[in-house]
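Undergrad: Okay, handing you the structure first.
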Amino acid sequence: MEAAPKITQKVIKRHTLSTRLWHWTNAFVATILLMSGLMIFNAHPRLYWGDFGSREDYAWLQIDDTRTTGFVRIGSASVETTGVLGLSLDANDNVRRMAFPSWATITTGYDLGAARRWHFAFAWVFALGLTAFMLMSLVNGHIRKDLHVRRAEWNPRALWRDIKNHARLRFGDDHGAGHYNIMQKFSYIGVIFILLPLLILTGITMSPAMNTAWPWLLDVFGGRQSARSLHFIAAALMALFVVVHLIMVLLSGPINGIRSMIAGRHVATPKPDKAGDLA
């Protein structure tokens, strides 16, 4: 009787130290920014396009209540959201008439001044951290080696195959763990080089002081209220990306995923083929 083939594990180097540090720092900072931003939004839970916006103006998005029910209105479509958005209960089961519930905001009680201080303080960490990460990614080759989309990857068949594999929750074997697939590259490029800079620039555009220093930002984004709307949309897309990212980590192997982002190592175990040899 033949002995079973010995399966050896292979350790693959993944993320650089600068990438890992930025990832975890950004995860913490972005959480603070999102929660404090929701409290700031609670002060005026409506979004407009253009330069101006008040309760007398038409809002394309509104999260509010009718004193008995909460609702979210986008354009002419309205959905009741009692218990979650617009109208909910606090920790003491008291009715809270706020756009976002207390468990999702910093601070938990209504305090616009404190929320702004939290938001602006961590916004600096967010912006400087992104700048440092981009510079280090150029120096250590992370952009060139890991995020650069090569000519063969633009092939429509390759793109469609990767989309189908993701839809079927097929993420490839451990042999591909040393590099990003095309869907990962598109996602990370979109977030790092488009979504995060958009958050920073639209946030700056809402500052009266920065309007004086860089008035052209108001022209770029079509006014302060348009910048506020784009800031909210970008934050929502960022939150959606995080949710999808966490789901992908869980489905593709949480132990290796977390180990890769903490220690920078991915442990691959080759799978035997049908003949019993190692694949």
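To be explicit about the labels: the chains of the structure tokens are called A, B, and onward in the order shown, and within each one the residues are counted from 1, while ligands get numbers from 1 in the order they are shown.
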What are the closest atom pairs, with distances in Å to one decimal, for each residue of range 39-151 of chain A lying within 9 Å of range 199-220 of chain A, using only C-alpha atoms, rows by chain and rising residue number, as CSV?

TA:
```
residue,atom,partner,partner_atom,distance
A:Asp51,CA,A:Leu218,CA,8.4
A:Ala123,CA,A:Ile200,CA,7.9
A:Phe126,CA,A:Ile200,CA,8.4
A:Ala127,CA,A:Ile200,CA,6.6
```

Undergrad: Would you mind telling me which residue in A:Asn165, A:Ser229, A:Asn256, A:Asn94 lies nearest to Phe41 in chain A when using only C-alpha atoms?

TA: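 Selected residue with least distance to Phe41 in chain A: A:Ser229.
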
Undergrad: State, in Å with one decimal place, the distance from CA of Leu169 in chain A to CA of Tyr188 in chain A.

TA: 18.9 Å

Undergrad: Looking only at strand (DSSP E) from DSSP on the backbone, list the matching residues of range 28-150 of chain A as an NGL selection string.

TA: :A and (46-47 or 61-65 or 70-74 or 77-80 or 88-89 or 95-96)

Undergrad: List every residue of range 74-145 of chain A that has an atom at most 8 Å from any atom of range 10-28 of chain A, and for each one report the closest atom pair and its distance in Å to one decimal, counting only C-alpha atoms, with rows sorted by chain and then by increasing residue number, as a tab-separated table.

TA:
```
residue	atom	partner	partner_atom	distance
A:Phe126	CA	A:Asn26	CA	6.7
A:Gly129	CA	A:Trp22	CA	6.8
A:Leu130	CA	A:Trp22	CA	7.8
A:Phe133	CA	A:Trp22	CA	6.6
A:Met136	CA	A:Ser18	CA	7.0
A:Ser137	CA	A:Thr19	CA	8.0
```

Undergrad: Figure out the distance between CA of Ile40 in chain A and CA of Arg116 in chain A, please, to one decimal in Å.

TA: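 Separation between CA of Arg116 in chain A and CA of Ile40 in chain A: 6.8 Å.
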
Undergrad: Do you know which residues are at most 10 Å from Ala235 in chain A counting only C-alpha atoms, after dropping those on the same chain fewer than 6 positions away, and could you put them as a VMD selection string?

TA: chain A and resid 30 33 to 34 37 to 38 195 to 196 198 to 199 229 241

Undergrad: Suppose you want the space between CA of Asn181 in chain A and CA of Arg161 in chain A; what is it in Å?

TA: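 Result for CA of Asn181 in chain A versus CA of Arg161 in chain A: 11.0 Å, one decimal.
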
Undergrad: Between A:Met98, A:Gly50, A:Met35, A:Val149, which has the minimum distance to Asp64 in chain A (counting only C-alpha atoms)?

TA: A:Met98

Undergrad: Residues at most 12 Å from Leu159 in chain A, counting only C-alpha atoms, excluding those fewer than 6 positions away in the same chain, as a ChimeraX atom specification?

TA: /A:149,151-153,165-166,181-186

Undergrad: So which one's closest to Phe71 in chain A, A:Phe232, A:Tyr180, A:Phe100, A:Trp124? Using only C-alpha atoms, please.

TA: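 Counting only C-alpha atoms, the residue closest to Phe71 in chain A is A:Phe100.
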
Undergrad: Point out the residue among A:Val139, A:Leu237, A:Ile63, A:Ile106 with the least atom-to-atom distance to Gly190 in chain A, counting only C-alpha atoms.

TA: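 Distance minimum relative to Gly190 in chain A lands on A:Leu237.
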
Undergrad: Near Thr68 in chain A, counting only C-alpha atoms, which residues have an atom at most 12 Å away, once you skip same-chain residues fewer than 6 positions from it, shown as a PyMOL selection string?

TA: chain A and resi 80-83+86-88+95-97

Undergrad: Next, dump the selected residues to file, keeping only N, CA, C and O atoms, as a PDB file, in the first residue's frame.

TA:
```
ATOM      1  N   GLU A  80     -40.629  53.721   5.128  1.00  0.00           N
ATOM      2  CA  GLU A  80     -40.717  53.828   6.585  1.00  0.00           C
ATOM      3  C   GLU A  80     -39.561  53.079   7.232  1.00  0.00           C
ATOM      4  O   GLU A  80     -39.264  51.938   6.875  1.00  0.00           O
ATOM      5  N   THR A  81     -38.900  53.731   8.182  1.00  0.00           N
ATOM      6  CA  THR A  81     -37.725  53.144   8.844  1.00  0.00           C
ATOM      7  C   THR A  81     -37.828  53.280  10.361  1.00  0.00           C
ATOM      8  O   THR A  81     -36.805  53.429  11.047  1.00  0.00           O
ATOM      9  N   THR A  82     -39.023  53.234  10.887  1.00  0.00           N
ATOM     10  CA  THR A  82     -39.238  53.362  12.331  1.00  0.00           C
ATOM     11  C   THR A  82     -38.433  52.309  13.092  1.00  0.00           C
ATOM     12  O   THR A  82     -38.405  51.139  12.717  1.00  0.00           O
ATOM     13  N   GLY A  83     -37.758  52.755  14.150  1.00  0.00           N
ATOM     14  CA  GLY A  83     -36.964  51.839  14.956  1.00  0.00           C
ATOM     15  C   GLY A  83     -35.508  51.802  14.565  1.00  0.00           C
ATOM     16  O   GLY A  83     -34.672  51.303  15.318  1.00  0.00           O
ATOM     17  N   GLY A  86     -34.523  57.830  11.656  1.00  0.00           N
ATOM     18  CA  GLY A  86     -35.564  58.829  11.825  1.00  0.00           C
ATOM     19  C   GLY A  86     -36.187  58.826  13.192  1.00  0.00           C
ATOM     20  O   GLY A  86     -36.320  59.865  13.843  1.00  0.00           O
ATOM     21  N   LEU A  87     -36.583  57.668  13.665  1.00  0.00           N
ATOM     22  CA  LEU A  87     -37.218  57.545  14.981  1.00  0.00           C
ATOM     23  C   LEU A  87     -36.858  56.195  15.573  1.00  0.00           C
ATOM     24  O   LEU A  87     -37.126  55.148  14.977  1.00  0.00           O
ATOM     25  N   SER A  88     -36.218  56.190  16.738  1.00  0.00           N
ATOM     26  CA  SER A  88     -35.769  54.941  17.367  1.00  0.00           C
ATOM     27  C   SER A  88     -35.808  55.101  18.876  1.00  0.00           C
ATOM     28  O   SER A  88     -36.183  56.150  19.404  1.00  0.00           O
ATOM     29  N   VAL A  95     -38.037  57.415  23.305  1.00  0.00           N
ATOM     30  CA  VAL A  95     -38.115  57.709  21.881  1.00  0.00           C
ATOM     31  C   VAL A  95     -37.075  58.771  21.517  1.00  0.00           C
ATOM     32  O   VAL A  95     -36.971  59.810  22.179  1.00  0.00           O
ATOM     33  N   ARG A  96     -36.310  58.498  20.473  1.00  0.00           N
ATOM     34  CA  ARG A  96     -35.256  59.410  20.044  1.00  0.00           C
ATOM     35  C   ARG A  96     -35.530  59.827  18.600  1.00  0.00           C
ATOM     36  O   ARG A  96     -35.490  59.001  17.697  1.00  0.00           O
ATOM     37  N   ARG A  97     -35.809  61.088  18.397  1.00  0.00           N
ATOM     38  CA  ARG A  97     -36.140  61.586  17.067  1.00  0.00           C
ATOM     39  C   ARG A  97     -34.873  62.131  16.402  1.00  0.00           C
ATOM     40  O   ARG A  97     -34.645  63.317  16.313  1.00  0.00           O
TER      41      ARG A  97
END
```

Undergrad: Using DSSP on the backbone, list every residue of range 158-224 of chain A that comes out as alpha helix (DSSP H), and give them as an MDAnalysis selection string.

TA: chainID A and resid 158:167 182:190 196:205 208:213 216:221 224

Undergrad: Skip Leu112 in chain A itself and residues of its chain fewer than 6 positions away, then list as an mmCIF file with all heavy atoms, in the first residue's frame all residues within 9 Å of it, counting only C-alpha atoms.

TA:
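What landed in out-v8.cif:
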```cif
data_model
loop_
_atom_site.group_PDB
_atom_site.id
_atom_site.type_symbol
_atom_site.label_atom_id
_atom_site.label_comp_id
_atom_site.auth_asym_id
_atom_site.auth_seq_id
_atom_site.Cartn_x
_atom_site.Cartn_y
_atom_site.Cartn_z
ATOM 1 N N SER A 36 -18.819 59.916 14.002
ATOM 2 C CA SER A 36 -18.940 61.345 14.297
ATOM 3 C C SER A 36 -19.615 62.068 13.143
ATOM 4 O O SER A 36 -20.377 63.032 13.362
ATOM 5 C CB SER A 36 -17.564 61.950 14.584
ATOM 6 O OG SER A 36 -16.677 61.767 13.490
ATOM 7 N N MET A 39 -23.325 61.845 13.476
ATOM 8 C CA MET A 39 -23.853 62.791 14.449
ATOM 9 C C MET A 39 -23.954 64.192 13.836
ATOM 10 O O MET A 39 -24.941 64.911 14.052
ATOM 11 C CB MET A 39 -22.963 62.820 15.695
ATOM 12 C CG MET A 39 -23.326 63.924 16.690
ATOM 13 S SD MET A 39 -25.059 63.904 17.215
ATOM 14 C CE MET A 39 -25.080 62.409 18.203
ATOM 15 N N ILE A 40 -22.950 64.577 13.057
ATOM 16 C CA ILE A 40 -23.005 65.875 12.379
ATOM 17 C C ILE A 40 -24.183 65.920 11.417
ATOM 18 O O ILE A 40 -24.899 66.925 11.331
ATOM 19 C CB ILE A 40 -21.679 66.149 11.643
ATOM 20 C CG1 ILE A 40 -20.531 66.279 12.646
ATOM 21 C CG2 ILE A 40 -21.778 67.409 10.790
ATOM 22 C CD1 ILE A 40 -19.161 66.370 12.015
ATOM 23 N N ASN A 42 -26.923 64.356 11.753
ATOM 24 C CA ASN A 42 -28.156 64.435 12.543
ATOM 25 C C ASN A 42 -28.606 65.868 12.793
ATOM 26 O O ASN A 42 -29.796 66.125 13.026
ATOM 27 C CB ASN A 42 -27.973 63.725 13.892
ATOM 28 C CG ASN A 42 -28.183 62.226 13.784
ATOM 29 O OD1 ASN A 42 -28.638 61.721 12.759
ATOM 30 N ND2 ASN A 42 -27.843 61.504 14.838
ATOM 31 N N ALA A 43 -27.645 66.814 12.757
ATOM 32 C CA ALA A 43 -27.999 68.210 12.998
ATOM 33 C C ALA A 43 -28.873 68.766 11.879
ATOM 34 O O ALA A 43 -29.695 69.661 12.107
ATOM 35 C CB ALA A 43 -26.736 69.052 13.142
#
```
